[in-house]
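Enquirer: Following this line is start.cif, made up of mmCIF, C-alpha atoms:
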```
data_structure
#
loop_
_atom_site.label_atom_id
_atom_site.label_comp_id
_atom_site.auth_asym_id
_atom_site.auth_seq_id
_atom_site.Cartn_x
_atom_site.Cartn_y
_atom_site.Cartn_z
CA MET A 1 -14.06 -3.94 -32.90
CA LEU A 2 -15.83 -2.03 -30.15
CA ARG A 3 -14.35 -2.73 -26.74
CA THR A 4 -16.33 -2.87 -23.51
CA GLY A 5 -15.43 -0.82 -20.44
CA LYS A 6 -13.85 -3.87 -18.81
CA GLN A 7 -11.72 -4.55 -21.87
CA ILE A 8 -10.61 -0.93 -21.95
CA SER A 9 -9.56 -1.27 -18.30
CA TYR A 10 -7.41 -4.30 -19.15
CA PHE A 11 -5.72 -2.71 -22.15
CA ARG A 12 -5.08 0.47 -20.18
CA ASN A 13 -3.49 -1.58 -17.39
CA LEU A 14 -1.39 -3.51 -19.89
CA ALA A 15 -0.11 -0.33 -21.54
CA THR A 16 0.65 1.26 -18.16
CA ALA A 17 2.49 -1.85 -16.93
CA LYS A 18 4.68 -1.90 -20.05
CA ARG A 19 5.51 1.76 -19.59
CA ILE A 20 6.29 1.48 -15.87
CA TRP A 21 8.37 -1.68 -15.84
CA SER A 22 9.71 -1.58 -19.41
CA VAL A 23 9.42 -5.35 -19.78
CA GLN A 24 7.60 -7.78 -22.00
CA ILE A 25 4.36 -9.00 -20.42
CA ASN A 26 4.13 -12.70 -21.26
CA GLN A 27 0.91 -14.56 -21.95
CA GLN A 28 0.59 -15.93 -18.43
CA LEU A 29 0.94 -12.46 -16.93
CA ARG A 30 -1.55 -11.07 -19.44
CA ILE A 31 -4.17 -13.65 -18.52
CA ALA A 32 -3.75 -12.86 -14.82
CA LEU A 33 -3.86 -9.11 -15.48
CA LYS A 34 -7.01 -9.50 -17.57
CA SER A 35 -8.76 -11.25 -14.69
CA LEU A 36 -7.61 -8.70 -12.12
CA SER A 37 -8.68 -5.85 -14.40
CA GLU A 38 -12.04 -7.11 -15.63
CA ASN A 39 -13.24 -9.05 -12.59
CA HIS A 40 -11.97 -6.76 -9.85
CA GLY A 41 -11.39 -3.38 -11.49
CA LEU A 42 -7.84 -3.08 -10.13
CA SER A 43 -5.68 -0.34 -11.63
CA VAL A 44 -1.94 -0.40 -12.26
CA ALA A 45 -1.77 3.39 -12.54
CA ALA A 46 -3.48 3.85 -9.16
CA GLY A 47 -1.01 1.52 -7.46
CA ASP A 48 -3.47 -1.34 -6.94
CA LEU A 49 -1.08 -3.83 -8.53
CA GLN A 50 2.67 -4.38 -8.58
CA LEU A 51 4.71 -6.65 -10.82
CA MET A 52 7.28 -8.50 -8.70
CA GLU A 53 9.10 -11.80 -9.03
CA ASN A 54 7.46 -12.28 -12.42
CA GLY A 55 3.96 -12.16 -10.95
CA TRP A 56 1.19 -9.75 -10.00
CA TYR A 57 0.76 -8.69 -6.39
CA VAL A 58 -2.17 -6.66 -5.11
CA THR A 59 -1.55 -3.79 -2.67
CA HIS A 60 -3.32 -2.85 0.54
CA SER A 61 -4.59 0.39 -0.99
CA GLY A 62 -5.94 -1.55 -3.97
CA LEU A 63 -7.82 -3.95 -1.72
CA ILE A 64 -9.30 -1.12 0.33
CA ARG A 65 -10.49 0.67 -2.80
CA LEU A 66 -11.99 -2.59 -4.08
CA ALA A 67 -13.89 -3.04 -0.80
CA GLN A 68 -15.24 0.50 -1.05
CA ARG A 69 -16.43 -0.04 -4.62
CA LYS A 70 -18.14 -3.30 -3.65
CA GLY A 71 -19.98 -1.68 -0.75
CA CYS A 72 -18.15 -3.45 2.07
CA CYS A 73 -20.02 -2.55 5.25
CA GLY A 74 -17.21 -3.10 7.74
CA ILE A 75 -13.83 -4.51 8.73
CA HIS A 76 -13.26 -5.52 12.35
CA VAL A 77 -9.74 -6.20 13.63
CA ASN A 78 -8.76 -7.90 16.90
CA LEU A 79 -5.35 -8.36 18.46
CA ILE A 80 -4.75 -12.03 19.34
CA THR A 81 -3.02 -11.49 22.66
CA LYS A 82 -2.42 -15.20 23.20
CA PHE A 83 0.08 -15.28 20.34
CA SER A 84 1.42 -11.72 20.61
CA ASP A 85 4.41 -10.53 22.60
CA TRP A 86 5.23 -6.81 22.78
CA ALA A 87 8.71 -7.41 24.20
CA SER A 88 9.83 -9.50 21.23
CA GLY A 89 7.93 -7.44 18.66
CA ARG A 90 5.61 -10.27 17.65
CA TRP A 91 2.01 -9.39 16.81
CA VAL A 92 -0.90 -11.46 15.54
CA PHE A 93 -4.21 -9.98 14.38
CA LYS A 94 -7.54 -11.39 13.24
CA ALA A 95 -9.51 -9.38 10.69
CA THR A 96 -13.16 -9.96 9.84
CA VAL A 97 -14.69 -8.51 6.68
CA TYR A 98 -18.44 -7.87 6.44
CA LYS A 99 -19.39 -7.62 2.78
CA LYS A 100 -23.11 -7.12 3.36
CA ARG A 101 -25.25 -6.76 6.46
CA GLY A 102 -26.46 -10.14 7.59
CA ASP A 103 -24.22 -11.91 5.07
CA LYS A 104 -21.51 -14.39 6.03
CA THR A 105 -18.17 -13.01 7.17
CA PHE A 106 -14.63 -13.61 5.90
CA VAL A 107 -11.74 -13.98 8.33
CA GLY A 108 -8.02 -13.54 7.82
CA TYR A 109 -5.04 -13.71 10.18
CA GLY A 110 -1.82 -11.77 9.93
CA ASP A 111 1.40 -11.95 11.92
CA ALA A 112 4.62 -9.99 11.95
CA ASP A 113 7.83 -10.08 13.94
CA PRO A 114 11.43 -9.01 13.28
CA SER A 115 12.15 -12.29 11.49
CA ASN A 116 9.51 -11.91 8.75
CA ILE A 117 9.73 -8.24 7.81
CA SER A 118 12.44 -6.24 6.11
CA GLN A 119 15.11 -4.37 8.02
CA GLN A 120 13.72 -1.06 6.73
CA VAL A 121 10.50 -1.36 8.71
CA ARG A 122 11.76 -2.78 11.98
CA GLY A 123 9.65 -1.36 14.77
CA ALA A 124 6.46 -1.32 12.69
CA GLU A 125 5.60 -4.97 13.26
CA MET A 126 2.22 -4.22 14.85
CA ARG A 127 0.96 -2.16 11.89
CA ILE A 128 2.29 -4.67 9.37
CA ALA A 129 0.59 -7.57 11.17
CA GLU A 130 -2.72 -5.70 11.17
CA THR A 131 -2.38 -4.85 7.47
CA ARG A 132 -1.59 -8.45 6.60
CA ALA A 133 -4.67 -9.67 8.46
CA VAL A 134 -6.93 -7.16 6.70
CA ASN A 135 -5.42 -8.03 3.32
CA ARG A 136 -5.99 -11.74 3.76
CA ALA A 137 -9.58 -11.23 4.87
CA LEU A 138 -10.29 -8.93 1.92
CA ARG A 139 -8.70 -11.32 -0.56
CA LYS A 140 -10.92 -14.11 0.73
CA ALA A 141 -14.01 -11.92 0.65
CA TYR A 142 -13.53 -10.84 -2.96
CA GLY A 143 -11.94 -13.96 -4.38
CA ILE A 144 -8.44 -12.69 -5.11
CA GLY A 145 -5.92 -15.50 -5.18
CA HIS A 146 -2.92 -13.26 -5.74
CA CYS A 147 -0.85 -12.52 -2.65
CA SER A 148 -0.59 -8.92 -1.47
CA VAL A 149 2.70 -7.05 -1.37
CA GLU A 150 2.41 -6.51 2.38
CA GLU A 151 2.14 -10.26 3.00
CA LEU A 152 5.57 -10.95 1.55
CA ARG A 153 8.03 -12.17 4.14
CA THR A 154 10.79 -9.73 3.27
CA PRO A 155 9.90 -7.77 0.12
CA SER A 156 13.07 -7.26 -1.90
CA MET A 157 13.76 -5.15 -4.94
CA THR A 158 13.85 -7.62 -7.83
CA PRO A 159 15.18 -6.50 -11.23
CA MET A 160 11.58 -5.92 -12.33
CA ALA A 161 10.78 -3.98 -9.17
CA GLN A 162 13.96 -1.95 -9.58
CA GLN A 163 12.86 -0.89 -13.05
CA LYS A 164 9.53 0.15 -11.63
CA HIS A 165 11.23 2.04 -8.80
CA GLU A 166 13.44 3.93 -11.23
CA ALA A 167 10.85 4.53 -13.95
CA HIS A 168 7.72 5.17 -11.92
CA ILE A 169 9.03 6.89 -8.78
CA PRO A 170 12.54 7.87 -9.82
CA ASP A 171 14.35 7.47 -6.49
CA HIS A 172 13.13 10.89 -5.32
CA SER A 173 16.52 12.29 -6.27
CA THR A 174 15.85 13.11 -9.91
CA ASN A 175 12.08 13.20 -9.61
CA GLY A 176 11.95 11.57 -13.02
CA ARG A 177 11.27 14.85 -14.78
CA ASN A 178 13.32 17.69 -16.13
CA ASN A 179 10.67 20.33 -15.73
CA GLY A 180 12.34 22.40 -13.04
CA GLN A 181 9.88 21.31 -10.36
CA PRO A 182 11.18 20.43 -6.86
CA ARG A 183 11.89 16.76 -6.28
CA LEU A 184 9.22 14.83 -4.39
CA ARG A 185 11.59 14.29 -1.50
CA ASP A 186 12.32 18.00 -1.36
CA GLN A 187 8.62 18.87 -1.49
CA LEU A 188 7.91 16.54 1.42
CA SER A 189 10.90 17.80 3.43
CA ALA A 190 9.81 21.40 2.88
CA LEU A 191 6.31 20.61 4.17
CA ILE A 192 7.73 18.90 7.25
CA ARG A 193 9.96 21.90 8.04
CA ARG A 194 7.30 24.50 7.31
CA HIS A 195 4.75 22.96 9.65
CA GLY A 196 7.15 21.60 12.27
CA LEU A 197 6.20 17.94 11.75
CA ASP A 198 7.99 14.81 12.92
CA ALA A 199 9.70 13.37 9.85
CA THR A 200 9.65 9.77 11.13
CA LEU A 201 5.94 9.87 11.87
CA VAL A 202 5.23 11.51 8.51
CA LYS A 203 7.05 8.67 6.73
CA SER A 204 5.03 6.08 8.64
CA TYR A 205 1.81 7.93 7.82
CA ALA A 206 2.84 8.20 4.17
CA ALA A 207 3.49 4.46 3.87
CA ASP A 208 0.12 3.70 5.46
CA PHE A 209 -1.62 6.25 3.22
CA CYS A 210 -0.02 4.74 0.11
CA GLY A 211 -0.74 1.18 1.25
CA THR A 212 2.91 0.12 1.04
CA VAL A 213 5.41 -1.22 3.56
CA THR A 214 7.73 1.74 2.97
CA LEU A 215 7.31 5.06 1.22
CA SER A 216 9.94 4.10 -1.36
CA GLY A 217 7.68 1.27 -2.50
CA ALA A 218 4.81 3.60 -3.42
CA SER A 219 4.04 4.72 -6.95
CA ARG A 220 4.84 8.27 -7.96
CA GLU A 221 1.13 9.11 -8.24
CA LEU A 222 0.48 7.92 -4.68
CA VAL A 223 3.42 9.90 -3.30
CA GLU A 224 2.19 13.02 -5.07
CA SER A 225 -1.31 12.38 -3.72
CA PHE A 226 0.04 12.04 -0.19
CA ILE A 227 2.02 15.28 -0.45
CA SER A 228 -1.11 17.10 -1.59
CA HIS A 229 -3.12 15.52 1.24
CA LEU A 230 -0.49 16.41 3.84
CA SER A 231 -0.30 20.00 2.66
CA THR A 232 -4.08 20.40 2.84
CA ALA A 233 -4.28 18.79 6.28
CA ALA A 234 -1.44 20.91 7.66
CA ASN A 235 -2.97 24.13 6.40
CA GLU A 236 -6.57 23.44 7.34
CA ASN A 237 -6.28 21.47 10.60
CA ARG A 238 -2.71 21.15 11.89
CA ASP A 239 -3.85 20.00 15.36
CA GLY A 240 -5.85 17.19 13.80
CA LEU A 241 -2.87 16.23 11.66
CA ILE A 242 -0.55 16.14 14.69
CA CYS A 243 -3.03 13.88 16.47
CA LYS A 244 -3.10 11.60 13.44
CA LEU A 245 0.70 11.50 13.23
CA ASN A 246 0.99 10.68 16.93
CA SER A 247 -1.06 7.55 16.33
CA TYR A 248 1.95 6.20 14.41
CA ALA A 249 4.34 6.64 17.35
CA ARG A 250 5.77 3.48 18.82
CA PRO A 251 4.71 2.73 22.44
CA SER A 252 8.09 3.85 23.82
CA GLU A 253 7.85 7.15 21.92
CA ALA A 254 4.25 7.80 22.94
CA GLN A 255 5.16 7.54 26.63
CA ARG A 256 7.85 10.22 26.48
#
```
Spit out the file's structure as structure tokens when you get a sec.
Expert:
Amino acid sequence: MLRTGKQISYFRNLATAKRIWSVQINQQLRIALKSLSENHGLSVAAGDLQLMENGWYVTHSGLIRLAQRKGCCGIHVNLITKFSDWASGRWVFKATVYKKRGDKTFVGYGDADPSNISQQVRGAEMRIAETRAVNRALRKAYGIGHCSVEELRTPSMTPMAQQKHEAHIPDHSTNGRNNGQPRLRDQLSALIRRHGLDATLVKSYAADFCGTVTLSGASRELVESFISHLSTAANENRDGLICKLNSYARPSEAQR
């Protein structure tokens, strides 16, 4: 039987998911994956989807790519100062998505504070709140009922996520390959040393680039893509890269 392009996308996602997480994909998960693949064009291999807690979660990078494909004409984000408090690390944002000029808008709110994020990303509450707001607005705009990874209260490594972490981005210590190539962590560290970059800011930039809360939560392909991007940026326009990295500095750091 001849398969359509959408069907091919689903079967490719199914095969990739089985390879990454090494688990059986039950019928309920298959139905959800079929919808996400055929109706929204989301890709497991590209890191658009993650399988956690026995369910599919869309990623920030996946939502952004979806918006680009659909011709989204703008995303406007506002800080809700009434409900935000810098001293306590609580931030609330409102995001508005404009699918088409003159069309109706879709609004989403996102909040973050030390009580609803993981210990690993303490200090990044403002960026997480903004990402959550954008994700919710995009999910409303494009009819995605599945929660995004970044919206989770405190994302934890479930057994399924652990398998993904080990199989897809092998803890950066083994690199997952025995081909004599430097480990991803070593490649990134070498770039940071070579160009005199701030490692903390690079990690924040990497997580944002990959659309994940932390760099360790990104797929191997996304990490490799970031390393390539960072290398190109450092070689071609280091001053511009430094300016970009400084945008990830916390207020207290930026004032030093």
Enquirer: Apply the PyMOL selection byres ((chain A and resi 30) around 12) to the file shown and report the selected residues as a ChimeraX atom specification.
Expert: /A:10-11,13-15,17-18,24-29,31-38,51,54-56
Enquirer: Just the residues within 10 Å of Ser84 (chain A), please, counting only C-alpha atoms, with nothing from its chain fewer than 3 positions along; format it as a ChimeraX atom specification.
Expert: /A:79-81,87-93,111-113,126
Enquirer: With all atoms listed in the file as the counted atoms, please give the residues lying no more than 12 Å from Ser118 (chain A), apart from itself and same-chain residues fewer than 3 positions off, as a PDB file with C-alpha atoms, keeping the file's coordinate frame.
Expert:
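File written: selection_27.pdb
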```
ATOM      1  CA  ALA A 112       4.620  -9.990  11.950  1.00  0.00           C
ATOM      2  CA  ASP A 113       7.830 -10.080  13.940  1.00  0.00           C
ATOM      3  CA  PRO A 114      11.430  -9.010  13.280  1.00  0.00           C
ATOM      4  CA  SER A 115      12.150 -12.290  11.490  1.00  0.00           C
ATOM      5  CA  VAL A 121      10.500  -1.360   8.710  1.00  0.00           C
ATOM      6  CA  ARG A 122      11.760  -2.780  11.980  1.00  0.00           C
ATOM      7  CA  GLY A 123       9.650  -1.360  14.770  1.00  0.00           C
ATOM      8  CA  ALA A 124       6.460  -1.320  12.690  1.00  0.00           C
ATOM      9  CA  GLU A 125       5.600  -4.970  13.260  1.00  0.00           C
ATOM     10  CA  ILE A 128       2.290  -4.670   9.370  1.00  0.00           C
ATOM     11  CA  GLU A 150       2.410  -6.510   2.380  1.00  0.00           C
ATOM     12  CA  GLU A 151       2.140 -10.260   3.000  1.00  0.00           C
ATOM     13  CA  LEU A 152       5.570 -10.950   1.550  1.00  0.00           C
ATOM     14  CA  ARG A 153       8.030 -12.170   4.140  1.00  0.00           C
ATOM     15  CA  THR A 154      10.790  -9.730   3.270  1.00  0.00           C
ATOM     16  CA  PRO A 155       9.900  -7.770   0.120  1.00  0.00           C
ATOM     17  CA  SER A 156      13.070  -7.260  -1.900  1.00  0.00           C
ATOM     18  CA  MET A 157      13.760  -5.150  -4.940  1.00  0.00           C
ATOM     19  CA  VAL A 213       5.410  -1.220   3.560  1.00  0.00           C
ATOM     20  CA  THR A 214       7.730   1.740   2.970  1.00  0.00           C
TER      21      THR A 214
END
```
Enquirer: What does the structure give for the distance between CA of Ile64 (chain A) and CA of Leu138 (chain A), in Å to one decimal?
Expert: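 We find that CA of Ile64 (chain A) and CA of Leu138 (chain A) lie 8.0 Å from each other.
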Enquirer: Got a sec: who's within 8 Å of Ala141 (chain A), counting all atoms listed in the file, leaving out chain neighbours fewer than 4 positions off, as a short mmCIF file (atom, residue, chain, number, x, y, z; two decimals) with C-alpha atoms, keeping the file's coordinate frame?
Expert:
```cif
data_model
loop_
_atom_site.label_atom_id
_atom_site.label_comp_id
_atom_site.auth_asym_id
_atom_site.auth_seq_id
_atom_site.Cartn_x
_atom_site.Cartn_y
_atom_site.Cartn_z
CA VAL A 97 -14.69 -8.51 6.68
CA LYS A 99 -19.39 -7.62 2.78
CA THR A 105 -18.17 -13.01 7.17
CA PHE A 106 -14.63 -13.61 5.90
CA ALA A 137 -9.58 -11.23 4.87
#
```
Enquirer: Give me the result of the PyMOL selection byres ((chain A and resi 198) around 12) on this file, residue by residue, as a PyMOL selection string.
Expert: chain A and resi 188-189+191-197+199-205+241-246+248-249+253
Enquirer: How many Å lie between CA of Val134 (chain A) and CA of Asn78 (chain A), rounded to one decimal?
Expert: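 CA of Asn78 (chain A) lies at a distance of 10.4 Å from CA of Val134 (chain A).
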Enquirer: What is the distance, in Å and to one decimal place, between CA of Trp21 (chain A) and CA of Arg69 (chain A)?
Expert: 27.3 Å
Enquirer: Specify as a ChimeraX atom specification each residue included when the PyMOL selection byres ((chain A and resi 61) around 9) is applied to this file.
Expert: /A:46-48,58-60,62-66,208-212
